[in-house]
file entry00.csv (CSV, C-alpha atoms)
chain,number,residue,atom,x,y,z
A,1,MET,CA,108.1,114.1,111.2
A,2,SER,CA,109.4,117.5,112.4
A,3,ASP,CA,113.0,116.2,112.3
A,4,ILE,CA,112.8,115.1,108.7
A,5,ASN,CA,116.1,116.6,107.8
A,6,ALA,CA,117.9,114.9,110.7
A,7,TYR,CA,118.9,111.9,108.6
A,8,GLU,CA,121.7,113.3,106.6
A,9,ARG,CA,122.6,111.3,103.6
A,10,VAL,CA,126.1,109.9,104.3
A,11,ASN,CA,126.3,107.0,101.9
A,12,GLU,CA,125.5,106.5,98.3
A,13,PRO,CA,122.7,103.9,98.4
A,14,GLY,CA,123.1,100.6,96.5
A,15,PHE,CA,120.2,98.7,94.8
A,16,GLY,CA,120.0,96.5,97.9
A,17,ASP,CA,119.2,99.5,100.1
A,18,TYR,CA,116.1,100.1,98.1
A,19,VAL,CA,115.2,96.4,98.3
A,20,ALA,CA,115.6,96.7,102.1
A,21,LEU,CA,113.0,99.5,102.1
A,22,LEU,CA,110.5,96.9,100.9
A,23,LYS,CA,111.0,94.7,104.0
A,24,PRO,CA,111.9,91.5,102.1
A,25,ARG,CA,111.3,89.2,105.1
A,26,VAL,CA,107.8,90.4,105.5
A,27,MET,CA,107.4,90.1,101.8
A,28,SER,CA,108.3,86.4,101.9
A,29,LEU,CA,105.4,85.7,104.3
A,30,VAL,CA,103.1,87.7,102.1
A,31,VAL,CA,104.2,85.6,99.1
A,32,PHE,CA,103.7,82.4,100.9
A,33,THR,CA,100.2,83.1,102.3
A,34,ALA,CA,99.0,84.8,99.1
A,35,PHE,CA,100.2,81.8,97.2
A,36,VAL,CA,98.3,79.4,99.4
A,37,GLY,CA,95.2,81.6,99.2
A,38,LEU,CA,95.4,81.5,95.4
A,39,MET,CA,96.2,77.8,95.2
A,40,VAL,CA,93.4,76.5,97.5
A,41,ALA,CA,90.8,78.5,95.6
A,42,PRO,CA,88.4,76.2,93.7
A,43,VAL,CA,89.1,78.0,90.4
A,44,PRO,CA,92.2,77.0,88.3
A,45,VAL,CA,94.4,80.0,87.6
A,46,HIS,CA,96.8,80.2,84.6
A,47,PRO,CA,100.4,80.0,85.9
A,48,VAL,CA,101.4,83.3,84.4
A,49,ILE,CA,98.4,85.1,86.0
A,50,ALA,CA,99.1,83.4,89.3
A,51,PHE,CA,102.7,84.4,89.2
A,52,THR,CA,101.9,88.0,88.2
A,53,SER,CA,99.2,88.3,90.9
A,54,ILE,CA,101.5,87.0,93.7
A,55,LEU,CA,104.4,89.2,92.5
A,56,PHE,CA,102.3,92.4,92.6
A,57,ILE,CA,100.6,91.5,95.9
A,58,ALA,CA,104.2,91.1,97.3
A,59,ILE,CA,105.3,94.4,95.7
A,60,GLY,CA,102.2,96.1,97.2
A,61,GLY,CA,103.2,94.7,100.6
A,62,GLY,CA,106.7,96.0,100.0
A,63,ALA,CA,105.4,99.5,99.1
A,64,SER,CA,103.5,99.7,102.4
A,65,GLY,CA,106.8,98.7,104.1
A,66,ALA,CA,108.6,101.6,102.4
A,67,LEU,CA,105.8,104.0,103.5
A,68,ASN,CA,106.1,102.6,107.0
A,69,MET,CA,109.8,103.2,107.0
A,70,TRP,CA,109.3,106.8,105.7
A,71,TRP,CA,106.9,107.6,108.5
A,72,ASP,CA,108.6,105.7,111.3
A,73,ALA,CA,112.2,106.9,110.6
A,74,ASP,CA,112.3,108.8,113.9
A,75,ILE,CA,111.3,105.7,115.8
A,76,ASP,CA,113.6,103.4,113.8
A,77,ALA,CA,116.6,105.7,114.6
A,78,VAL,CA,116.0,105.2,118.3
A,79,MET,CA,115.6,101.4,118.5
A,80,SER,CA,118.6,99.2,118.1
A,81,ARG,CA,116.8,96.6,116.1
A,82,THR,CA,115.9,99.1,113.4
A,83,LYS,CA,118.5,101.8,113.4
A,84,LYS,CA,120.4,100.2,110.6
A,85,ARG,CA,117.4,100.6,108.2
A,86,PRO,CA,118.2,102.6,105.1
A,87,ILE,CA,116.7,105.9,106.3
A,88,PRO,CA,118.1,106.2,109.8
A,89,ALA,CA,121.4,104.8,108.5
A,90,GLY,CA,121.5,107.9,106.2
A,91,LYS,CA,121.6,105.9,103.0
A,92,ILE,CA,118.2,106.9,101.6
A,93,ALA,CA,116.4,110.2,102.0
A,94,PRO,CA,112.9,110.0,103.6
A,95,GLY,CA,111.4,111.6,100.5
A,96,GLU,CA,112.9,108.9,98.3
A,97,ALA,CA,111.3,106.2,100.4
A,98,LEU,CA,108.0,108.1,100.2
A,99,GLY,CA,108.3,108.3,96.5
A,100,LEU,CA,109.2,104.7,96.1
A,101,GLY,CA,106.3,103.6,98.3
A,102,VAL,CA,103.7,105.7,96.5
A,103,ALA,CA,104.9,104.7,93.1
A,104,LEU,CA,105.1,101.0,93.9
A,105,SER,CA,101.6,101.1,95.5
A,106,GLY,CA,100.1,102.6,92.4
A,107,LEU,CA,102.0,100.2,90.1
A,108,SER,CA,101.1,97.1,92.1
A,109,VAL,CA,97.4,97.9,92.5
A,110,MET,CA,97.1,98.7,88.8
A,111,MET,CA,99.0,95.6,87.7
A,112,LEU,CA,97.0,93.3,90.0
A,113,ALA,CA,93.8,94.8,88.5
A,114,LEU,CA,95.0,94.0,85.0
A,115,ALA,CA,96.3,90.6,85.9
A,116,SER,CA,93.3,89.4,88.0
A,117,ASN,CA,90.4,91.5,88.9
A,118,LEU,CA,89.2,94.7,90.5
A,119,LEU,CA,88.2,93.1,93.8
A,120,ALA,CA,91.7,91.8,94.4
A,121,ALA,CA,93.2,95.1,93.4
A,122,GLY,CA,90.8,96.9,95.7
A,123,LEU,CA,91.7,94.7,98.6
A,124,LEU,CA,95.4,95.3,97.9
A,125,ALA,CA,94.9,99.0,97.8
A,126,PHE,CA,92.9,98.8,101.1
A,127,THR,CA,95.7,96.7,102.7
A,128,ILE,CA,98.3,99.3,101.8
A,129,PHE,CA,96.1,102.1,103.1
A,130,PHE,CA,95.4,100.2,106.2
A,131,TYR,CA,99.0,99.4,107.0
A,132,ALA,CA,100.5,102.8,106.0
A,133,VAL,CA,97.8,105.2,107.3
A,134,ILE,CA,95.5,103.5,109.8
A,135,TYR,CA,98.3,101.4,111.5
A,136,THR,CA,101.6,103.3,111.0
A,137,MET,CA,100.4,106.9,111.1
A,138,TRP,CA,97.4,106.7,113.4
A,139,LEU,CA,97.2,103.7,115.8
A,140,LYS,CA,100.8,102.5,116.3
A,141,ARG,CA,101.8,105.3,118.6
A,142,TRP,CA,98.4,105.7,120.2
A,143,THR,CA,97.1,102.4,121.5
A,144,PRO,CA,98.6,99.2,123.0
A,145,GLN,CA,96.2,97.4,120.7
A,146,ASN,CA,98.5,98.4,117.8
A,147,ILE,CA,99.6,94.8,117.2
A,148,VAL,CA,96.1,93.7,116.8
A,149,ILE,CA,95.4,96.4,114.2
A,150,GLY,CA,98.7,95.9,112.4
A,151,GLY,CA,98.1,92.1,112.3
A,152,ALA,CA,95.0,92.8,110.2
A,153,ALA,CA,97.2,94.2,107.4
A,154,GLY,CA,99.4,91.1,107.5
A,155,ALA,CA,96.3,88.9,107.4
A,156,PHE,CA,95.0,90.2,104.1
A,157,PRO,CA,97.4,88.5,101.6
A,158,PRO,CA,95.7,85.0,101.5
A,159,MET,CA,92.4,86.8,101.1
A,160,ILE,CA,93.8,88.8,98.2
A,161,GLY,CA,95.2,85.6,96.6
A,162,TRP,CA,91.8,84.0,96.9
A,163,ALA,CA,90.1,87.1,95.4
A,164,ALA,CA,92.6,87.1,92.5
A,165,ALA,CA,91.5,83.5,91.7
A,166,THR,CA,87.8,83.6,92.4
A,167,GLY,CA,86.9,87.3,92.1
A,168,SER,CA,85.0,87.0,95.4
A,169,ILE,CA,85.3,87.0,99.2
A,170,SER,CA,84.0,83.9,101.0
A,171,LEU,CA,83.9,82.2,104.4
A,172,GLU,CA,87.1,80.3,103.5
A,173,SER,CA,89.1,83.4,102.7
A,174,VAL,CA,87.7,85.2,105.8
A,175,LEU,CA,88.8,82.3,108.0
A,176,MET,CA,92.3,82.3,106.4
A,177,PHE,CA,92.4,86.0,107.3
A,178,GLY,CA,91.3,85.1,110.8
A,179,LEU,CA,94.1,82.6,111.1
A,180,ILE,CA,96.8,85.3,110.7
A,181,PHE,CA,94.8,88.0,112.4
A,182,PHE,CA,94.3,86.1,115.7
A,183,TRP,CA,97.8,84.6,115.5
A,184,THR,CA,99.7,87.8,115.3
A,185,PRO,CA,99.0,89.3,118.8
A,186,PRO,CA,99.9,86.2,120.9
A,187,HIS,CA,103.0,85.6,118.7
A,188,PHE,CA,104.2,89.2,119.2
A,189,TRP,CA,103.3,89.6,122.8
A,190,ALA,CA,105.1,86.4,123.7
A,191,LEU,CA,108.2,87.9,122.1
A,192,CYS,CA,107.6,91.2,124.0
A,193,LEU,CA,107.6,89.2,127.3
A,194,PHE,CA,111.1,87.9,127.0
A,195,MET,CA,112.8,90.5,124.7
A,196,LYS,CA,114.3,93.5,126.2
A,197,SER,CA,112.8,95.9,123.8
A,198,ASP,CA,113.3,99.6,123.5
A,199,TYR,CA,109.7,100.5,122.4
A,200,SER,CA,109.4,102.6,125.5
A,201,ASP,CA,112.4,104.7,124.4
A,202,ALA,CA,110.6,105.2,121.1
A,203,LYS,CA,107.3,106.1,122.9
A,204,VAL,CA,105.4,103.3,121.2
A,205,PRO,CA,102.8,101.9,123.5
A,206,MET,CA,103.2,98.1,123.9
A,207,LEU,CA,100.8,96.0,126.0
A,208,THR,CA,103.6,94.6,128.1
A,209,VAL,CA,104.6,98.1,129.1
A,210,THR,CA,101.3,99.9,129.3
A,211,HIS,CA,99.3,97.1,131.1
A,212,GLY,CA,102.1,95.0,132.5
A,213,HIS,CA,103.2,91.4,131.9
A,214,ASP,CA,100.2,89.8,133.7
A,215,ALA,CA,97.7,91.5,131.3
A,216,ALA,CA,99.8,90.4,128.4
A,217,ARG,CA,99.8,86.8,129.7
A,218,ARG,CA,96.0,86.8,130.0
A,219,GLN,CA,95.6,88.3,126.5
A,220,ILE,CA,98.0,85.6,125.0
A,221,PHE,CA,95.8,82.9,126.5
A,222,ILE,CA,92.5,84.5,125.3
A,223,TYR,CA,93.9,85.0,121.8
A,224,SER,CA,95.2,81.3,121.7
A,225,LEU,CA,91.6,80.2,122.4
A,226,VAL,CA,90.1,82.5,119.7
A,227,LEU,CA,92.8,81.4,117.3
A,228,ALA,CA,92.1,77.8,117.9
A,229,ALA,CA,88.3,78.2,117.3
A,230,SER,CA,89.1,80.1,114.1
A,231,ALA,CA,91.7,77.6,112.9
A,232,ILE,CA,89.4,74.6,113.5
A,233,ALA,CA,86.5,76.3,111.8
A,234,LEU,CA,88.7,76.7,108.7
A,235,GLY,CA,89.2,72.9,108.9
A,236,LEU,CA,85.5,72.4,108.4
A,237,THR,CA,85.3,74.4,105.1
A,238,SER,CA,85.8,73.2,101.6
A,239,VAL,CA,89.5,74.2,101.3
A,240,ALA,CA,90.6,72.0,104.2
A,241,GLY,CA,91.1,68.2,104.1
A,242,PRO,CA,92.5,65.5,106.4
A,243,VAL,CA,96.0,67.0,106.4
A,244,TYR,CA,94.8,70.4,107.6
A,245,LEU,CA,92.3,69.0,110.1
A,246,ALA,CA,94.9,66.8,111.7
A,247,THR,CA,97.5,69.6,111.8
A,248,ALA,CA,95.0,72.1,113.2
A,249,ILE,CA,93.9,69.7,116.0
A,250,VAL,CA,97.4,68.9,117.1
A,251,MET,CA,98.9,72.4,116.7
A,252,ASN,CA,96.0,74.1,118.4
A,253,LEU,CA,96.0,71.8,121.4
A,254,MET,CA,99.7,72.5,121.8
A,255,PHE,CA,99.2,76.3,121.3
A,256,VAL,CA,96.3,76.5,123.8
A,257,LYS,CA,98.4,74.5,126.2
A,258,GLY,CA,101.3,76.9,125.7
A,259,GLY,CA,99.0,79.9,126.2
A,260,TRP,CA,97.7,78.3,129.4
A,261,ASP,CA,101.2,77.7,130.7
A,262,ILE,CA,102.1,81.3,130.0
A,263,PHE,CA,98.9,82.5,131.7
A,264,ARG,CA,99.6,80.5,134.9
A,265,ARG,CA,103.1,81.9,135.3
A,266,SER,CA,104.2,85.0,137.1
A,267,THR,CA,107.1,87.2,135.9
A,268,GLU,CA,109.2,85.9,138.8
A,269,GLN,CA,108.8,82.3,137.8
A,270,ALA,CA,109.6,83.3,134.2
A,271,GLN,CA,112.7,85.2,135.2
A,272,ALA,CA,113.8,82.2,137.3
A,273,ASP,CA,114.0,79.9,134.3
A,274,SER,CA,114.9,82.8,131.9
A,275,TYR,CA,111.5,82.7,130.1
A,276,LYS,CA,111.7,79.1,128.9
A,277,VAL,CA,108.0,78.7,128.5
A,278,GLU,CA,107.6,82.0,126.7
A,279,LYS,CA,110.4,81.2,124.3
A,280,ARG,CA,109.0,77.8,123.6
A,281,TYR,CA,105.6,79.3,122.8
A,282,PHE,CA,107.2,81.9,120.5
A,283,LYS,CA,109.0,79.2,118.6
A,284,LEU,CA,105.9,77.1,118.4
A,285,SER,CA,104.0,80.1,117.0
A,286,LEU,CA,106.5,80.3,114.1
A,287,ILE,CA,105.9,76.7,113.2
A,288,TYR,CA,102.2,77.0,113.8
A,289,LEU,CA,101.5,79.4,111.0
A,290,SER,CA,103.7,77.7,108.4
A,291,LEU,CA,102.3,74.3,109.2
A,292,HIS,CA,98.7,75.5,108.9
A,293,PHE,CA,99.2,77.1,105.5
A,294,GLY,CA,101.5,74.3,104.4
A,295,ALA,CA,98.7,71.8,105.3
A,296,LEU,CA,96.2,73.8,103.3
A,297,LEU,CA,98.6,73.5,100.3
A,298,ALA,CA,99.0,69.8,100.9
A,299,ASP,CA,95.3,69.2,100.9
A,300,ALA,CA,94.9,71.3,97.7
A,301,ALA,CA,97.6,69.1,96.1
A,302,LEU,CA,95.9,65.9,97.2
A,303,ARG,CA,92.6,67.3,95.7
A,304,GLY,CA,94.4,68.2,92.5
A,305,LEU,CA,95.7,64.6,92.3
A,306,GLY,CA,92.2,63.3,92.9
A,307,LEU,CA,93.3,61.5,96.1
A,308,ILE,CA,90.7,63.3,98.2
A,309,GLY,CA,87.3,64.7,97.2
A,310,GLY,CA,85.7,68.1,97.7
A,311,GLY,CA,86.7,71.6,96.9
A,312,ALA,CA,88.1,72.0,93.4
L,313,MET,CA,143.8,113.1,93.0
L,314,ILE,CA,140.6,111.9,91.5
L,315,LYS,CA,140.4,108.2,91.0
L,316,VAL,CA,138.8,107.0,87.7
L,317,GLU,CA,136.9,104.2,89.4
L,318,HIS,CA,135.6,105.3,92.8
L,319,GLU,CA,133.7,102.9,94.9
L,320,LEU,CA,130.7,105.2,94.7
L,321,HIS,CA,130.6,104.6,90.9
L,322,GLY,CA,130.5,100.9,91.4
L,323,ARG,CA,127.5,101.3,93.7
L,324,ARG,CA,125.8,103.6,91.3
L,325,PHE,CA,126.4,101.2,88.5
L,326,GLY,CA,124.9,98.4,90.5
L,327,ARG,CA,121.8,100.5,91.2
L,328,ASN,CA,121.4,101.3,87.5
L,329,VAL,CA,121.8,97.6,86.5
L,330,GLY,CA,119.2,96.7,89.2
L,331,LEU,CA,116.8,99.2,88.0
L,332,GLY,CA,117.3,98.3,84.4
L,333,LEU,CA,116.7,94.6,85.1
L,334,SER,CA,113.6,95.5,87.1
L,335,LEU,CA,112.2,97.5,84.2
L,336,ALA,CA,113.1,94.7,81.7
L,337,GLY,CA,111.3,92.3,84.0
L,338,LEU,CA,108.2,94.5,84.1
L,339,VAL,CA,108.2,94.6,80.3
L,340,VAL,CA,108.4,90.8,80.1
L,341,ILE,CA,105.6,90.4,82.6
L,342,VAL,CA,103.3,92.8,80.7
L,343,LEU,CA,104.1,90.9,77.5
L,344,LEU,CA,103.4,87.5,79.0
L,345,LEU,CA,100.3,88.7,80.6
L,346,THR,CA,99.1,90.2,77.3
L,347,VAL,CA,99.8,86.9,75.4
L,348,VAL,CA,98.0,84.9,78.0
L,349,LYS,CA,94.9,87.2,78.2
L,350,VAL,CA,94.7,87.4,74.4
L,351,THR,CA,95.2,83.7,73.6
L,352,ARG,CA,92.8,82.5,76.2
L,353,GLY,CA,90.1,84.1,74.0
L,354,SER,CA,88.2,85.9,76.7
L,355,ASN,CA,85.5,88.1,75.2
L,356,MET,CA,87.2,91.4,74.7
L,357,GLU,CA,84.5,93.0,72.6
L,358,ALA,CA,83.2,96.2,74.0
L,359,PHE,CA,80.0,98.2,73.2
L,360,ASP,CA,80.8,100.4,70.2
L,361,HIS,CA,77.3,101.3,69.0
L,362,SER,CA,77.2,98.6,66.4
L,363,VAL,CA,75.1,95.4,66.6
L,364,ARG,CA,77.2,92.5,68.0
L,365,PRO,CA,75.2,89.3,68.3
L,366,SER,CA,78.1,87.8,70.4
L,367,MET,CA,77.5,90.3,73.1
L,368,THR,CA,73.8,89.9,73.4
L,369,VAL,CA,72.3,87.7,76.2
L,370,ASP,CA,70.2,84.7,75.2
L,371,GLU,CA,66.8,85.3,76.8
L,372,GLU,CA,66.2,81.6,77.2
L,373,THR,CA,69.5,80.4,78.7
L,374,GLY,CA,70.6,83.7,80.2
L,375,ASN,CA,74.1,83.2,78.8
call {"tool": "encode", "arguments": {"input": "entry00.csv", "output": "structure tokens"}}
result
Amino acid sequence: MSDINAYERVNEPGFGDYVALLKPRVMSLVVFTAFVGLMVAPVPVHPVIAFTSILFIAIGGGASGALNMWWDADIDAVMSRTKKRPIPAGKIAPGEALGLGVALSGLSVMMLALASNLLAAGLLAFTIFFYAVIYTMWLKRWTPQNIVIGGAAGAFPPMIGWAAATGSISLESVLMFGLIFFWTPPHFWALCLFMKSDYSDAKVPMLTVTHGHDAARRQIFIYSLVLAASAIALGLTSVAGPVYLATAIVMNLMFVKGGWDIFRRSTEQAQADSYKVEKRYFKLSLIYLSLHFGALLADAALRGLGLIGGGA
Amino acid sequence: MIKVEHELHGRRFGRNVGLGLSLAGLVVIVLLLTVVKVTRGSNMEAFDHSVRPSMTVDEETGN
């Protein structure tokens, strides 16, 4: 951050610029998965406590986003995808983003502790630390495994939601963590295969650049297999029911097949049909995650209505 | 010439309104949370050096 003064403030920021610092799109995923984690837990939670817990898990996630933008402003300024972010665009000073990130981190952890319990708050604090320090400051610019590590931060929300309801960590919540953790690398590397990205300009090591496309294709297939095992295992626990199990079997067969197709192709073949298979796999990965968590929610609803047994 | 209503003031006003609403929201949330926690009747007694039978553990049942 030696060039911290390079982002001269040229515009007066509006409220929306501060909201943009919290990465609202990432927050929506955090809200959804934390909500599912909380709802599938076998302990009923008062609606106000559930709402407050999810709100502050989301704000904690947003705070780590602000810290990430503060630290990565130099990279963001180089890459076309991110150069309109509030700091490189000159709307918000880096120090303000740091201040907002730190303040919201403290607030969210404290409020989650008051609303639910210390374990959930501790997990949230760890997630923020993990994303902002371990991932952003340390590993992102150092290893091509950065996506794997960063994915762990994104995988915590359902676990925090579960902890907010139950006050504990269990096999179910660890497997929900695994679902996002093993999903992130193949999802992202598939995108890297067909997107002309400027990570190399920003000197961020990406697997597709450091080890080549063939290595990335192999890794995508391996992760698809591990993900399938993890997803099916979650289907055998108390939180899952027929809807999840059916979804998991169908979706994982498709996902492993997609990973296999990517593995079997060469870059030349991919270029010949302008990355059709890779793009299809990427689109599938988007549906994959929402369907799995949606199915967990559907099974919880069916259990709540007494239509299926088990769990709560 | 200085305009009375510069575009910058509008943006600043929007920011202030946003912050005000956020803080008001926080107040409402803390209030609701307090009401829920208090009315659900969780045991909120703490040890204060006086005898409180409600805080003691029943040796037979362990509750």
call {"tool": "closest_atom_pairs", "arguments": {"input": "entry00.csv", "of": "chain A", "to": "chain L", "cutoff": "10 Å", "atoms": "only C-alpha atoms", "output": "tab-separated table"}}
result
residue	atom	partner	partner_atom	distance
A:Asn11	CA	L:Leu320	CA	8.6
A:Glu12	CA	L:Leu320	CA	6.5
A:Pro13	CA	L:Arg323	CA	7.2
A:Gly14	CA	L:Arg323	CA	5.3
A:Phe15	CA	L:Arg327	CA	4.3
A:Gly16	CA	L:Arg327	CA	8.0
A:Asp17	CA	L:Arg327	CA	9.3
A:Tyr18	CA	L:Arg327	CA	9.0
A:Val19	CA	L:Gly330	CA	9.9
A:His46	CA	L:Val348	CA	8.2
A:Pro47	CA	L:Val348	CA	9.6
A:Val48	CA	L:Leu345	CA	6.7
A:Ile49	CA	L:Leu345	CA	6.8
A:Phe51	CA	L:Ile341	CA	9.4
A:Thr52	CA	L:Ile341	CA	7.1
A:Met111	CA	L:Val342	CA	8.7
A:Leu114	CA	L:Leu345	CA	8.7
A:Ala115	CA	L:Leu345	CA	6.9
call {"tool": "write_last_selection", "arguments": {"input": "entry00.csv", "atoms": "C-alpha atoms", "output": "tab-separated table (two decimals), in the coordinates of the input"}}
result
chain	number	residue	atom	x	y	z
A	11	ASN	CA	126.30	107.00	101.90
A	12	GLU	CA	125.50	106.50	98.30
A	13	PRO	CA	122.70	103.90	98.40
A	14	GLY	CA	123.10	100.60	96.50
A	15	PHE	CA	120.20	98.70	94.80
A	16	GLY	CA	120.00	96.50	97.90
A	17	ASP	CA	119.20	99.50	100.10
A	18	TYR	CA	116.10	100.10	98.10
A	19	VAL	CA	115.20	96.40	98.30
A	46	HIS	CA	96.80	80.20	84.60
A	47	PRO	CA	100.40	80.00	85.90
A	48	VAL	CA	101.40	83.30	84.40
A	49	ILE	CA	98.40	85.10	86.00
A	51	PHE	CA	102.70	84.40	89.20
A	52	THR	CA	101.90	88.00	88.20
A	111	MET	CA	99.00	95.60	87.70
A	114	LEU	CA	95.00	94.00	85.00
A	115	ALA	CA	96.30	90.60	85.90
call {"tool": "residues_around", "arguments": {"input": "entry00.csv", "residues": "stretch 75-83 of chain A", "least_positions_apart": "5", "cutoff": "7 Å", "atoms": "all atoms listed in the file", "output": "list in words"}}
result
Pro88, Ala89, Asp198 and Ala202 of chain A
call {"tool": "write_last_selection", "arguments": {"input": "entry00.csv", "atoms": "C-alpha atoms", "output": "compact mmCIF listing (two decimals), in the frame of the given file"}}
result
# COMPACT_ATOMS: atom_id res chain seq x y z
CA PRO A 88 118.10 106.20 109.80
CA ALA A 89 121.40 104.80 108.50
CA ASP A 198 113.30 99.60 123.50
CA ALA A 202 110.60 105.20 121.10
call {"tool": "atom_distance", "arguments": {"input": "entry00.csv", "atom1": "atom CA of A:Phe293", "atom2": "atom CA of A:Gly167"}}
result
20.9 Å
call {"tool": "atom_distance", "arguments": {"input": "entry00.csv", "atom1": "atom CA of A:Pro205", "atom2": "atom CA of A:Arg25"}}
result
23.9 Å
call {"tool": "residues_around", "arguments": {"input": "entry00.csv", "residues": "stretch 149-151 of chain A", "least_positions_apart": "2", "cutoff": "8 Å", "atoms": "only C-alpha atoms", "output": "count of residues only"}}
result
15
call {"tool": "atom_distance", "arguments": {"input": "entry00.csv", "atom1": "atom CA of A:Leu305", "atom2": "atom CA of L:Thr351"}}
result
26.7 Å
call {"tool": "residues_near_point", "arguments": {"input": "entry00.csv", "point": "(95.3, 83.4, 121.8)", "cutoff": "8 Å", "atoms": "all atoms listed in the file", "output": "CSV table (one decimal) with C-alpha atoms, in the coordinates of the input"}}
result
chain,number,residue,atom,x,y,z
A,182,PHE,CA,94.3,86.1,115.7
A,183,TRP,CA,97.8,84.6,115.5
A,185,PRO,CA,99.0,89.3,118.8
A,186,PRO,CA,99.9,86.2,120.9
A,219,GLN,CA,95.6,88.3,126.5
A,220,ILE,CA,98.0,85.6,125.0
A,221,PHE,CA,95.8,82.9,126.5
A,222,ILE,CA,92.5,84.5,125.3
A,223,TYR,CA,93.9,85.0,121.8
A,224,SER,CA,95.2,81.3,121.7
A,225,LEU,CA,91.6,80.2,122.4
A,226,VAL,CA,90.1,82.5,119.7
A,227,LEU,CA,92.8,81.4,117.3
A,228,ALA,CA,92.1,77.8,117.9
A,256,VAL,CA,96.3,76.5,123.8
A,259,GLY,CA,99.0,79.9,126.2
call {"tool": "closest_residue", "arguments": {"input": "entry00.csv", "among": "A:Gly235, A:Pro86, A:Gly241, A:Gly106", "to": "A:Ala121", "atoms": "only C-alpha atoms"}}
result
A:Gly106
call {"tool": "residues_near_point", "arguments": {"input": "entry00.csv", "point": "(109.2, 103.1, 106.4)", "cutoff": "12 Å", "atoms": "all atoms listed in the file", "output": "VMD selection string"}}
result
chain A and resid 18 20 to 23 61 to 77 82 to 83 85 to 88 92 to 102 131 to 133 136 to 137
call {"tool": "closest_residue", "arguments": {"input": "entry00.csv", "among": "A:Val36, A:Leu112, A:Val243, A:Ala215", "to": "A:Thr267", "atoms": "all atoms listed in the file"}}
result
A:Ala215
